[in-house]
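Engineer: So that you have it, the file is data_31.cif, and it contains mmCIF, C-alpha atoms and all ligand atoms:
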data_entry
loop_
_atom_site.label_atom_id
_atom_site.label_comp_id
_atom_site.auth_asym_id
_atom_site.auth_seq_id
_atom_site.Cartn_x
_atom_site.Cartn_y
_atom_site.Cartn_z
CA MET A 16 -2.08 -149.66 71.03
CA ILE A 17 -2.19 -150.60 74.71
CA THR A 18 -5.49 -149.64 76.41
CA GLY A 19 -7.06 -150.11 79.83
CA ASN A 20 -8.54 -153.41 78.57
CA THR A 21 -5.50 -154.93 76.86
CA LYS A 22 -5.32 -158.67 77.49
CA LEU A 23 -2.02 -160.39 78.11
CA LEU A 24 -0.27 -163.25 76.32
CA GLY A 25 3.44 -164.04 76.31
CA VAL A 26 6.33 -166.46 76.30
CA ILE A 27 8.23 -167.54 79.40
CA GLY A 28 11.85 -168.60 79.06
CA HIS A 29 15.34 -167.95 80.36
CA PRO A 30 16.76 -166.48 78.23
CA VAL A 31 13.82 -165.34 76.13
CA GLU A 32 15.11 -162.30 74.25
CA HIS A 33 16.01 -164.40 71.17
CA SER A 34 12.38 -165.57 70.78
CA LEU A 35 10.63 -164.69 67.53
CA SER A 36 7.20 -165.45 69.04
CA PRO A 37 6.42 -161.87 70.19
CA LEU A 38 7.00 -160.59 66.65
CA MET A 39 4.89 -163.33 65.06
CA HIS A 40 1.99 -163.17 67.52
CA ASN A 41 1.79 -159.39 67.77
CA ALA A 42 1.64 -159.18 63.95
CA ALA A 43 -1.31 -161.61 63.97
CA LEU A 44 -3.06 -159.76 66.83
CA ALA A 45 -2.63 -156.43 64.98
CA LYS A 46 -4.07 -157.94 61.81
CA LEU A 47 -7.08 -159.19 63.80
CA ASN A 48 -7.41 -155.76 65.41
CA LEU A 49 -7.66 -157.35 68.87
CA ASP A 50 -6.82 -155.63 72.14
CA TYR A 51 -4.16 -158.14 73.15
CA VAL A 52 -0.40 -157.96 73.56
CA TYR A 53 2.14 -160.84 73.52
CA LEU A 54 5.18 -160.17 75.69
CA PRO A 55 8.59 -161.80 76.23
CA LEU A 56 8.58 -162.82 79.92
CA PRO A 57 12.05 -163.67 81.27
CA ILE A 58 11.47 -166.00 84.24
CA GLU A 59 14.35 -167.57 86.14
CA PRO A 60 13.80 -171.29 86.95
CA GLN A 61 13.42 -170.70 90.70
CA ASN A 62 10.65 -168.13 90.07
CA LEU A 63 8.41 -170.31 87.91
CA ALA A 64 5.75 -171.10 90.54
CA LYS A 65 5.65 -167.48 91.72
CA ALA A 66 5.30 -166.33 88.11
CA LEU A 67 2.30 -168.62 87.56
CA ASP A 68 0.58 -167.21 90.64
CA GLY A 69 1.30 -163.71 89.40
CA PHE A 70 -0.05 -164.50 85.93
CA ALA A 71 -3.27 -165.82 87.50
CA ALA A 72 -3.56 -162.68 89.64
CA ILE A 73 -3.23 -160.31 86.68
CA GLY A 74 -5.47 -162.34 84.36
CA VAL A 75 -2.97 -163.61 81.78
CA VAL A 76 -5.01 -165.41 79.09
CA GLY A 77 -2.27 -167.87 78.13
CA PHE A 78 1.41 -168.19 77.33
CA ASN A 79 4.10 -170.23 75.62
CA ALA A 80 6.87 -171.96 77.55
CA THR A 81 10.37 -172.41 76.22
CA ILE A 82 13.72 -173.57 77.62
CA PRO A 83 14.20 -174.19 80.57
CA HIS A 84 10.50 -174.37 81.56
CA LYS A 85 9.00 -176.88 79.12
CA GLN A 86 9.30 -179.86 81.49
CA ALA A 87 9.57 -178.05 84.83
CA ILE A 88 6.13 -176.46 84.42
CA ILE A 89 4.29 -179.80 84.17
CA PRO A 90 3.78 -180.42 87.94
CA LEU A 91 2.56 -176.83 88.41
CA LEU A 92 -0.38 -177.14 86.01
CA SER A 93 -3.91 -178.44 86.76
CA LYS A 94 -4.23 -180.53 83.62
CA ILE A 95 -1.85 -181.80 80.94
CA GLU A 96 -3.26 -182.78 77.56
CA PRO A 97 -2.31 -186.31 76.37
CA ILE A 98 -0.15 -184.98 73.52
CA ALA A 99 1.97 -182.98 75.99
CA ARG A 100 2.22 -186.05 78.23
CA ALA A 101 3.41 -188.11 75.28
CA VAL A 102 6.02 -185.52 74.32
CA GLY A 103 6.96 -184.95 77.96
CA ALA A 104 6.93 -181.18 77.46
CA VAL A 105 4.45 -178.30 77.51
CA ASN A 106 4.94 -175.41 75.09
CA THR A 107 1.49 -173.81 75.43
CA VAL A 108 -0.53 -172.97 78.55
CA ILE A 109 -4.15 -171.82 78.57
CA ARG A 110 -6.18 -170.34 81.44
CA GLN A 111 -9.55 -172.14 81.65
CA ASP A 112 -12.04 -171.96 84.54
CA ASP A 113 -9.36 -170.50 86.82
CA LYS A 114 -7.01 -173.40 86.03
CA TRP A 115 -3.83 -173.69 83.98
CA ILE A 116 -4.04 -176.28 81.19
CA GLY A 117 -0.82 -177.40 79.46
CA THR A 118 -0.56 -178.70 75.94
CA ASN A 119 2.00 -179.08 73.16
CA THR A 120 1.54 -177.54 69.72
CA ASP A 121 5.01 -178.47 68.38
CA VAL A 122 3.61 -181.80 67.17
CA GLU A 123 0.87 -180.10 65.18
CA GLY A 124 3.45 -177.61 63.87
CA PHE A 125 5.78 -180.39 62.79
CA ILE A 126 3.19 -182.45 60.95
CA SER A 127 1.43 -179.51 59.28
CA PRO A 128 3.69 -179.25 56.16
CA LEU A 129 3.66 -183.07 55.85
CA GLN A 130 -0.13 -183.35 56.00
CA SER A 131 -0.42 -181.15 52.93
CA LEU A 132 1.47 -183.80 50.92
CA ASP A 133 -0.26 -186.70 49.23
CA ARG A 134 1.47 -189.67 50.90
CA ASP A 135 0.58 -193.01 52.36
CA TRP A 136 2.30 -192.58 55.71
CA ARG A 137 1.69 -196.25 56.55
CA GLN A 138 4.35 -197.02 53.93
CA THR A 139 6.78 -194.48 55.39
CA ASN A 140 9.86 -195.29 57.43
CA ALA A 141 10.92 -192.19 59.35
CA VAL A 142 14.46 -191.55 60.57
CA VAL A 143 14.96 -188.85 63.20
CA LEU A 144 18.49 -187.46 63.66
CA GLY A 145 18.96 -186.41 67.30
CA ASN A 146 17.19 -187.37 70.52
CA GLY A 147 16.70 -184.04 72.31
CA GLY A 148 13.58 -182.01 73.09
CA ALA A 149 12.48 -181.33 69.51
CA ALA A 150 12.98 -185.00 68.59
CA ARG A 151 10.26 -185.90 71.09
CA ALA A 152 7.67 -183.76 69.28
CA VAL A 153 8.88 -185.18 65.96
CA VAL A 154 8.52 -188.80 67.11
CA ALA A 155 5.02 -188.05 68.43
CA GLY A 156 4.23 -186.45 65.07
CA CYS A 157 5.49 -189.45 63.10
CA ILE A 158 3.36 -191.72 65.32
CA GLN A 159 0.32 -189.48 64.75
CA LEU A 160 0.89 -189.59 61.00
CA GLY A 161 0.90 -193.37 61.23
CA CYS A 162 4.45 -193.98 59.96
CA ALA A 163 5.38 -197.64 59.57
CA SER A 164 8.48 -197.20 61.72
CA VAL A 165 10.31 -194.44 63.56
CA ARG A 166 14.06 -194.79 63.94
CA VAL A 167 15.84 -192.36 66.21
CA VAL A 168 19.55 -191.82 65.63
CA GLY A 169 21.80 -190.43 68.38
CA ARG A 170 25.41 -190.28 69.46
CA ASN A 171 24.97 -191.25 73.11
CA LEU A 172 23.73 -194.79 73.72
CA GLN A 173 22.56 -194.15 77.27
CA LYS A 174 20.48 -191.14 76.24
CA LEU A 175 19.09 -193.16 73.33
CA GLU A 176 18.03 -195.98 75.65
CA GLU A 177 16.33 -193.49 77.98
CA PHE A 178 14.61 -191.94 74.98
CA ARG A 179 13.25 -195.29 73.80
CA HIS A 180 12.20 -196.29 77.31
CA SER A 181 10.21 -193.06 77.72
CA TRP A 182 7.88 -194.10 74.87
CA GLN A 183 7.01 -197.45 76.35
CA ASN A 184 4.06 -196.22 78.41
CA SER A 185 3.16 -193.40 76.10
CA PRO A 186 -0.48 -192.27 75.63
CA LEU A 187 0.35 -192.72 71.92
CA SER A 188 1.09 -196.36 72.69
CA PRO A 189 -0.38 -198.23 69.70
CA LEU A 190 2.86 -197.68 67.81
CA LYS A 191 5.24 -197.63 70.74
CA ALA A 192 6.95 -200.83 69.62
CA ASN A 193 8.03 -199.13 66.44
CA VAL A 194 10.22 -196.49 68.07
CA GLN A 195 13.67 -197.94 67.48
CA ILE A 196 17.07 -196.47 68.33
CA HIS A 197 20.27 -196.45 66.32
CA GLN A 198 23.72 -195.06 66.72
CA TRP A 199 25.14 -192.60 64.23
CA GLU A 200 27.29 -195.28 62.56
CA SER A 201 24.18 -197.14 61.34
CA ILE A 202 23.05 -194.30 59.07
CA PRO A 203 24.60 -195.70 55.86
CA GLU A 204 22.73 -198.95 56.51
CA ILE A 205 19.27 -197.54 57.37
CA ILE A 206 19.25 -194.65 54.91
CA LYS A 207 18.36 -196.93 51.99
CA GLU A 208 14.92 -197.56 53.43
CA THR A 209 14.28 -194.07 54.80
CA ASN A 210 11.30 -192.28 53.23
CA LEU A 211 11.27 -189.38 55.68
CA LEU A 212 14.59 -188.07 57.04
CA ILE A 213 14.35 -185.41 59.77
CA ASN A 214 17.17 -183.40 61.31
CA THR A 215 16.40 -182.38 64.90
CA THR A 216 20.02 -181.60 65.83
CA PRO A 217 21.28 -178.00 65.78
CA ILE A 218 24.00 -178.98 63.26
CA GLY A 219 23.98 -176.44 60.41
CA MET A 220 22.17 -173.73 62.38
CA TYR A 221 23.35 -170.10 62.04
CA PRO A 222 26.23 -169.18 62.38
CA LYS A 223 27.73 -172.63 61.61
CA ILE A 224 25.95 -172.82 58.30
CA GLU A 225 28.58 -174.92 56.49
CA ASN A 226 27.87 -177.97 58.71
CA SER A 227 25.51 -180.84 57.96
CA PRO A 228 24.61 -183.80 60.19
CA ILE A 229 25.25 -186.15 57.27
CA ASN A 230 27.40 -185.96 54.14
CA ALA A 231 26.17 -185.20 50.63
CA ASP A 232 26.85 -188.69 49.24
CA LEU A 233 24.42 -190.33 51.70
CA PHE A 234 21.47 -188.42 50.22
CA LEU A 235 22.04 -190.33 46.98
CA CYS A 236 21.21 -193.56 48.86
CA LEU A 237 17.72 -192.35 49.88
CA PRO A 238 14.74 -193.84 48.02
CA LYS A 239 13.57 -191.77 45.07
CA ASP A 240 10.47 -190.35 46.75
CA ALA A 241 12.13 -189.51 50.09
CA ILE A 242 11.29 -186.31 51.95
CA VAL A 243 14.05 -184.49 53.84
CA TYR A 244 12.97 -182.19 56.69
CA ASP A 245 15.21 -179.89 58.73
CA LEU A 246 13.76 -178.32 61.89
CA ILE A 247 16.26 -175.49 61.56
CA TYR A 248 14.78 -172.29 60.05
CA ASN A 249 17.90 -170.11 60.09
CA PRO A 250 19.45 -170.33 57.55
CA SER A 251 17.04 -171.59 54.93
CA PRO A 252 18.00 -173.76 53.22
CA THR A 253 20.57 -175.36 55.52
CA LYS A 254 23.48 -177.34 54.09
CA PHE A 255 21.45 -180.49 54.92
CA LEU A 256 18.57 -179.30 52.72
CA GLN A 257 20.94 -178.10 49.99
CA TYR A 258 22.37 -181.64 49.79
CA ALA A 259 18.82 -183.04 49.69
CA ARG A 260 17.87 -180.78 46.76
CA GLN A 261 21.08 -181.66 44.91
CA ALA A 262 20.00 -185.30 45.22
CA ASP A 263 16.56 -184.34 43.85
CA LYS A 264 14.66 -184.92 47.09
CA ALA A 265 11.73 -182.93 48.47
CA ALA A 266 13.03 -180.55 51.15
CA ILE A 267 11.12 -178.88 54.02
CA ASP A 268 12.65 -176.31 56.39
CA GLY A 269 11.66 -175.50 59.99
CA LEU A 270 9.84 -172.20 59.37
CA GLU A 271 6.41 -173.72 58.79
CA MET A 272 6.70 -175.72 62.03
CA LEU A 273 7.46 -172.51 63.91
CA VAL A 274 4.52 -170.71 62.27
CA GLN A 275 2.04 -173.54 62.73
CA GLN A 276 2.87 -174.26 66.37
CA GLY A 277 2.27 -170.56 67.00
CA ALA A 278 -0.97 -170.51 65.03
CA ALA A 279 -2.28 -173.54 66.93
CA ALA A 280 -1.54 -171.83 70.26
CA LEU A 281 -3.11 -168.52 69.19
CA LYS A 282 -6.30 -170.30 68.10
CA MET A 283 -6.63 -171.83 71.56
CA TRP A 284 -6.01 -168.58 73.47
CA LEU A 285 -8.40 -166.58 71.28
CA GLN A 286 -10.90 -169.45 70.88
CA ARG A 287 -10.96 -168.85 67.14
CA GLU A 288 -11.12 -171.33 64.25
CA THR A 289 -8.69 -169.29 62.17
CA VAL A 290 -5.81 -166.88 62.71
CA PRO A 291 -3.83 -164.95 60.05
CA VAL A 292 -1.17 -167.59 59.37
CA ASP A 293 0.06 -165.73 56.25
CA VAL A 294 0.84 -162.64 58.30
CA MET A 295 2.69 -164.75 60.88
CA ARG A 296 4.74 -166.47 58.16
CA GLN A 297 5.54 -163.25 56.28
CA THR A 298 6.58 -161.46 59.48
CA LEU A 299 9.07 -164.22 60.29
CA GLN A 300 10.36 -164.42 56.72
CA GLN A 301 11.01 -160.66 56.71
CA GLN A 302 12.79 -160.83 60.04
CA LEU A 303 14.90 -163.88 59.21
CA TYR A 304 15.67 -163.65 55.52
CA GLU A 305 15.03 -160.13 54.21
CA ARG A 306 16.72 -157.88 56.67
CA ASP A 307 19.54 -156.48 54.49
P1 LIG W 401 18.30 -180.26 72.26
O1 LIG W 401 17.25 -180.67 73.21
O2 LIG W 401 19.58 -179.65 72.77
O3 LIG W 401 18.65 -181.55 71.36
C1 LIG W 401 19.65 -181.52 70.39
C2 LIG W 401 19.95 -182.96 69.94
O4 LIG W 401 20.96 -182.86 68.92
C3 LIG W 401 20.52 -183.85 71.04
O5 LIG W 401 20.04 -185.16 70.85
C4 LIG W 401 22.02 -183.80 70.78
O6 LIG W 401 22.70 -184.97 71.14
C5 LIG W 401 22.05 -183.71 69.27
N1 LIG W 401 23.30 -183.11 68.81
C6 LIG W 401 23.76 -181.85 69.07
N2 LIG W 401 24.96 -181.68 68.47
C7 LIG W 401 25.26 -182.85 67.85
C8 LIG W 401 26.36 -183.30 67.08
N3 LIG W 401 27.41 -182.49 66.81
N4 LIG W 401 26.36 -184.57 66.60
C9 LIG W 401 25.30 -185.38 66.85
N5 LIG W 401 24.22 -185.02 67.58
C10 LIG W 401 24.21 -183.76 68.07
O7 LIG W 401 17.74 -179.18 71.22
P2 LIG W 401 16.22 -179.08 70.67
O8 LIG W 401 15.44 -178.18 71.53
O9 LIG W 401 15.76 -180.46 70.43
O10 LIG W 401 16.45 -178.30 69.29
C11 LIG W 401 17.15 -178.91 68.23
C12 LIG W 401 17.04 -178.08 66.95
O11 LIG W 401 15.68 -178.01 66.53
C13 LIG W 401 17.51 -176.63 67.09
O12 LIG W 401 18.22 -176.28 65.92
C14 LIG W 401 16.22 -175.84 67.18
O13 LIG W 401 16.36 -174.53 66.67
C15 LIG W 401 15.32 -176.67 66.27
N6 LIG W 401 13.88 -176.51 66.60
C16 LIG W 401 13.07 -175.98 65.66
C17 LIG W 401 11.72 -175.82 65.94
C18 LIG W 401 10.82 -175.22 64.89
O14 LIG W 401 9.71 -174.78 65.24
N7 LIG W 401 11.20 -175.22 63.64
C19 LIG W 401 11.21 -176.21 67.18
C20 LIG W 401 12.08 -176.77 68.13
C21 LIG W 401 13.42 -176.91 67.82
P3 LIG W 401 23.08 -185.34 72.69
O15 LIG W 401 21.76 -185.61 73.35
O16 LIG W 401 23.93 -186.54 72.55
O17 LIG W 401 23.76 -184.12 73.22
#
Represent the supplied structure as structure tokens.

Structural biologist:
Amino acid sequence: MITGNTKLLGVIGHPVEHSLSPLMHNAALAKLNLDYVYLPLPIEPQNLAKALDGFAAIGVVGFNATIPHKQAIIPLLSKIEPIARAVGAVNTVIRQDDKWIGTNTDVEGFISPLQSLDRDWRQTNAVVLGNGGAARAVVAGCIQLGCASVRVVGRNLQKLEEFRHSWQNSPLSPLKANVQIHQWESIPEIIKETNLLINTTPIGMYPKIENSPINADLFLCLPKDAIVYDLIYNPSPTKFLQYARQADKAAIDGLEMLVQQGAAALKMWLQRETVPVDVMRQTLQQQLYERD
């Protein structure tokens, strides 16, 4: 119920109507019985600075940023947390002492389902398929986990070079030397020593659910204990994860990343140690997988 005291949260994007964040966050806020609302906020790129001023004027507590604002917002904020600097993108903004603080919770979201596994990450060679926005959070996550190496596979050499270069002065620098780049053709060679294989491309995403970034036979070349992780959450499992399971590999889909990046943001806005993660997860599962 909206009251005279309702506090405002939201997500800025353009477009933003596809976002599942309002559903997930409002379910959590209802469970907590808090007088907050989380709104979709469609902001055109040229209106971003004006929107921030407006948010400050009406007392917005915090918000998420999605495409096309994740990089563009950086110069408009008072402070950027080191993790967001390393990723080069802000997905969460908090109002603190009349200032906007930008951070990135995608990294925490990505590593959350991995941290619950009993692994020695220092023995883990990670291979990241794709070198777009999500790949940046994934590389930062692999560095945070302490992976022995991080190999990024892409189809465009120039973009790959730029990607590698961008990590050279990273705040996560101790492992910067271990971010390597490879072209798609090298996959059969590097897959044999890949303990963590992550798809960050949109290949296999609804509605093109029959596609996979790599063929079924390559999964048989992975080491026995390899983990296969797809950032896609619709469908679940993707063809990529179906192939992984057929080859007897552990498979993780993108839903938990979505839930945990949201939970991390909500904790910051509400200044709470815990938020109802189960409610957030169930709400998304119902929306995505149980609609018929
Ligand atoms: P993006 O910035 O557009 O990056 C996509 C990457 O995939 C680019 O490197 C692109 O290569 C590559 N790619 C696209 N089509 C390809 C193809 N046919 N063959 C080879 N490479 C291809 O997108 P993004 O924001 O990183 O998102 C990527 C995926 O992650 C989406 O499916 C998104 O839904 C998912 N995601 C999930 C979460 C979550 O919480 N679970 C969070 C973020 C993103 P080029 O650079 O050469 O074009």

Engineer: Counting all atoms listed in the file, write as JSON, numbers by chain all protein and nucleic acid residues lying at most 9 Å from (9.2, -181.6, 50.6) in the file's frame.

Structural biologist: {"A": [128, 129, 132, 241, 242, 243, 244, 264, 265, 266, 267, 268]}

Engineer: Which of these residues is nearest to A:Ile109, using only C-alpha atoms: A:Val274, A:Leu24, A:Leu56, A:Ala42?

Structural biologist: A:Leu24

Engineer: Using all atoms listed in the file, can you tell me which of A:Arg170, A:Lys65, A:Arg137, A:Arg151 comes closest to A:Ser201?

Structural biologist: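 For A:Ser201, the nearest of the candidates is A:Arg170.
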
Engineer: Would you please work out which residue, of A:Ala278, A:Ile206, A:Ala43, A:Val52, is nearest to A:Gly124 when using all atoms listed in the file?

Structural biologist: A:Ala278

Engineer: Which polymer residues have any atom within 8 Å of an atom of stretch 211-219 of chain A, counting all atoms listed in the file, with same-chain residues fewer than 2 positions away left out, as a VMD selection string?

Structural biologist: chain A and resid 139 to 147 149 to 150 209 221 to 228 241 to 247 253 to 255

Engineer: Compare A:Asn41, A:Gln130, A:Arg100, A:Gly169 by their minimum atom-to-atom distance to A:Met16, counting all atoms listed in the file, and give me the closest one.

Structural biologist: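 Under the stated criterion, the closest residue is A:Asn41.
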
Engineer: Name all residues at most 6 Å from A:Arg166 (count only C-alpha atoms; drop same-chain ones fewer than 6 positions away) and give them as a ChimeraX atom specification.

Structural biologist: /A:142,194-196

Engineer: My list of candidates is A:Pro238, A:Pro250, A:Pro291, A:Gly77. Which is closest to ligand LIG 401 (chain W) when distances are computed with all atoms listed in the file?

Structural biologist: A:Pro250

Engineer: Draw an axis-aligned box tight on the listed atoms of ligand LIG 401 (chain W), then pad every side by 8 Å and write out centre and edge lengths in Å to one decimal as JSON.

Structural biologist:
{"center_x": 18.6, "center_y": -180.5, "center_z": 68.5, "size_x": 33.7, "size_y": 28.0, "size_z": 25.7}

Engineer: Calculate how many Å separate atom C16 of ligand LIG 401 (chain W) from atom CA of A:Asn48, rounding to one decimal.

Structural biologist: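 Separation of atom C16 of ligand LIG 401 (chain W) and atom CA of A:Asn48: 28.8 Å.
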
Engineer: Measuring atom to atom with all atoms listed in the file, identify which of A:Leu299, A:Ala279, A:Ala163, A:Val294 is nearest to A:Thr120.

Structural biologist: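 Looking only at the distances to A:Thr120, the closest residue turns out to be A:Ala279.
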
Engineer: For atom CA of A:Ser164 and atom CA of A:Lys207, quote the distance in Å rounded to one decimal.

Structural biologist: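 Between atom CA of A:Ser164 and atom CA of A:Lys207 the gap works out to 13.9 Å.
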
Engineer: For a test of reading the model, state the distance in Å between atom CA of A:Ser93 and atom CA of A:Phe70, rounded to one decimal.

Structural biologist: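 About the pair atom CA of A:Ser93 and atom CA of A:Phe70: they are 14.5 Å apart.
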
Engineer: Give me, as a compact mmCIF listing (two decimals) with C-alpha atoms, in the coordinates of the input, all polymer residues having an atom no more than 8 Å from A:Leu92, counting all atoms listed in the file and skipping those fewer than 2 positions away in the same chain.

Structural biologist:
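Output file selection-v2.txt follows:
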# COMPACT_ATOMS: atom_id res chain seq x y z
CA ILE A 88 6.13 -176.46 84.42
CA ILE A 89 4.29 -179.80 84.17
CA PRO A 90 3.78 -180.42 87.94
CA LYS A 94 -4.23 -180.53 83.62
CA ILE A 95 -1.85 -181.80 80.94
CA LYS A 114 -7.01 -173.40 86.03
CA TRP A 115 -3.83 -173.69 83.98
CA ILE A 116 -4.04 -176.28 81.19
CA GLY A 117 -0.82 -177.40 79.46
